[in-house]
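In what follows, a structure is listed as structure tokens, so that the remarks can point back to it.
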There are 2 protein chains.
Amino acid sequence: MNALKVETKEKIIEVAHEVFLEKGLQGARMQEIADKAGINKALLHYYFRSKESLFDAVFEKVIEEVIPEFSKKLQPSSKLEEVIRSFVEFYNNFFQENPQFPQFFFHEIWQNPDKLATFIKGQKNIKPDDIVNNIKKRLPPFYESDYLPQHMISNVMGMCLFPHIARPLFQRIFFGNDEEKYDHFLSERTDFLLTMLAGIELENKDQITDEPEEDF
Amino acid sequence: MNALKVETKEKIIEVAHEVFLEKGLQGARMQEIADKAGINKALLHYYFRSKESLFDAVFEKVIEEVIPEFSKKLQPSSKLEEVIRSFVEFYNNFFQENPQFPQFFFHEIWQNPDKLATFIKGQKNIKPDDIVNNIKKRLPPFYESDYLPQHMISNVMGMCLFPHIARPLFQRIFFGNDEEKYDHFLSERTDFLLTMLAGIELENKDQITDEPEEDF
DNA sequence: GTCTATATGCAGATAGAC
DNA sequence: GTCTATCTGCATATAGAC
């Protein structure tokens with residue numbers, strides 16, 4: 001039956017996603033994936049010739065889920081505050097629901113950057129130049145104009161990313177390894193970031209209207 | 001000769017460090033380590049019973065190099081600007097000299113958080129409570145007091161970390177995969193961050209009547 | 001499509017000579 | 001301490017029956 005085939009294949013991808021995210025390409029075992037999918041290794045190889053082809057299927061799906069957010073939310077019409085809000089909300093939320101994602105993703109793209117490149121090229125609606133130009137136009141004055149707009153993306157992404165990817169360390173050092181406290185810390189962080197970033201923007205907006213900068 | 005023994009062992013740790021950082025515990029091969037050290041696998045096992053014991057030796061050394069900076073620079077006497085400057089300069093510089101470090105470190109601490117805990121306990125001069133309290137007293141007003149001071153550490157660390165750990169992705173999307181341009185981006189980032197952070201602090205200092213420089 | 005059984009290769013680890 | 005040669009186990013992958 002066709003229905004059954006599809007179900008099995010999707011079940012495989014689902015559990016493979018889980019196992020690969022936890023262990024990585026090298027650390028994952030086909031046996032474990034087969035077990036969790038309720039099948040055996042032979043059937044696994046029936047659907048996916050090799051471990052790597054299975055990994056690619058998972059990785060491509062993951063990329064499609066996350067990378068497009070980079071550009072989708074950076075339309076020319078958006079205000080800077082909206083872009084930031086949108087970024088922070090999406091990524092903080094995503095990382096909270098996929099705690100293993102950051103360490104998996106960054107480890108794997110370092111292991112095989114060229115594979116990443118292939119997948120990115122498949123994403124037609126990413127326009128890096130547009131993104132950079134849009135940001136450039138909307139930068140608050142304290143991002144001095146001779147610095148690259150990419151710094152700002154790094155700031156926002158980095159502040160979202162850090163407490164998630166550093167959780168095993170950070171939770172132990174600063175939260176007595178208390179899961180619950182850390183979850184609360186992560187939950188309040190979206191609010192904190194939006195409040196803080198809005199605050200900074202306000203400070204600077206007032207400055208512009210009152211006293212013009214000598215730079216321009 | 002004792003000198004020879006030490007040399008071999010240190011050579012092993014040196015190249016193991018290199019290989020583990022690039023490939024991770026699971027991805028690394030004892031054969032490659034032996035080759036790069038100019039010895040064979042048997043001798044490798046003579047010095048280190050198992051792959052994991054070799055890994056531990058490397059990992060412990062790495063931890064000793066990086067984690068103490070978390071606390072060493074947060075002495076009660078330091079001003080907030082100095083703490084931030086010190087953090088940004090150290091970590092940005094360290095990541096630039098050890099590009100593979102972030103993806104290695106965060107991947108491995110997720111693979112084995114308990115091992116991390118053991119190593120951290122070996123670091124006697126880490127006093128998380130002191131660190132948090134010291135920061136709390138020095139927070140500028142836009143870090144509203146009902147938010148945890150840990151947010152601020154996450155901000156500074158995250159902004160330092162991101163462009164390094166995300167390099168394979170970021171360089172491709174926003175720098176046309178140009179190594180040289182990206183190196184320049186990273187080089188100017190320390191300056192950028194210090195300028196930006198100082199700018200924010202200044203804005204807010206105007207609103208403060210006097211510095212939170214109580215006790216000690 | 002799904003299974004049992006098996007092949008193949010390789011990586012970690014050991015034995016033992018020098 | 002250092003080597004050559006070898007063992008052992010395991011993980012990926014295939015053969016072939018149902």
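Residues are referred to by chain and number: the chain letter is A, B, ... according to the order shown in the structure tokens, the number counts from 1 in that chain, and ligands are numbered separately from 1 in the order shown.
Between chain B and its sequence-identical counterpart chain A, the C-alpha RMSD after optimal superposition is 3.1 Å.
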Counting only C-alpha atoms, collect the residues of chain A whose closest atom lies at most 8 Å from chain B, and write them out as an MDAnalysis selection string. chainID A and resid 22:23 26:27 100 103:104 106:107 109:111 113 116:117 128:129 132 142:143 147:148 150:151 154:163 165:166 168:169 172:174 185 188:189 192 196 199:200 203
Set the cut-off to 10 Å and count only C-alpha atoms (C1' of nucleotides): what are the residues of chain B that reach chain D? Output as a PDB file with C-alpha atoms, in the first residue's frame.
ATOM      1  CA  MET B   1      65.312   9.422  28.322  1.00  0.00           C
ATOM      2  CA  LEU B   4      61.895  12.148  25.122  1.00  0.00           C
ATOM      3  CA  LYS B   5      58.939  10.658  26.947  1.00  0.00           C
ATOM      4  CA  THR B   8      56.126  12.449  22.814  1.00  0.00           C
ATOM      5  CA  ILE B  39      53.986   7.616  15.761  1.00  0.00           C
ATOM      6  CA  ASN B  40      51.718   4.566  15.444  1.00  0.00           C
ATOM      7  CA  ALA B  42      50.175   1.135  19.523  1.00  0.00           C
ATOM      8  CA  LEU B  43      52.286   3.880  21.005  1.00  0.00           C
ATOM      9  CA  TYR B  46      50.735   3.128  25.406  1.00  0.00           C
ATOM     10  CA  TYR B  47      50.388   6.723  26.548  1.00  0.00           C
TER      11      TYR B  47
END
Each residue of chain C lying at most 9 Å from chain A should get a row with its shortest atom-to-atom pair and the distance in Å to one decimal, counting only C-alpha atoms (C1' of nucleotides); could you produce that, ordered by chain and increasing number, as JSON lines?
{"residue": "C:DG1", "atom": "C1'", "partner": "A:Lys5", "partner_atom": "CA", "distance": 7.5}
{"residue": "C:DT2", "atom": "C1'", "partner": "A:Leu43", "partner_atom": "CA", "distance": 6.6}
{"residue": "C:DC3", "atom": "C1'", "partner": "A:Asn40", "partner_atom": "CA", "distance": 8.1}
For the helix (DSSP H, G or I) assignment from backbone DSSP, which residues of segment 12-213 of chain A qualify? Please present them as a PyMOL selection string. chain A and resi 12-27+30-37+41-47+51-66+68-72+80-97+101-111+113-121+128-138+150-165+167-174+179-210
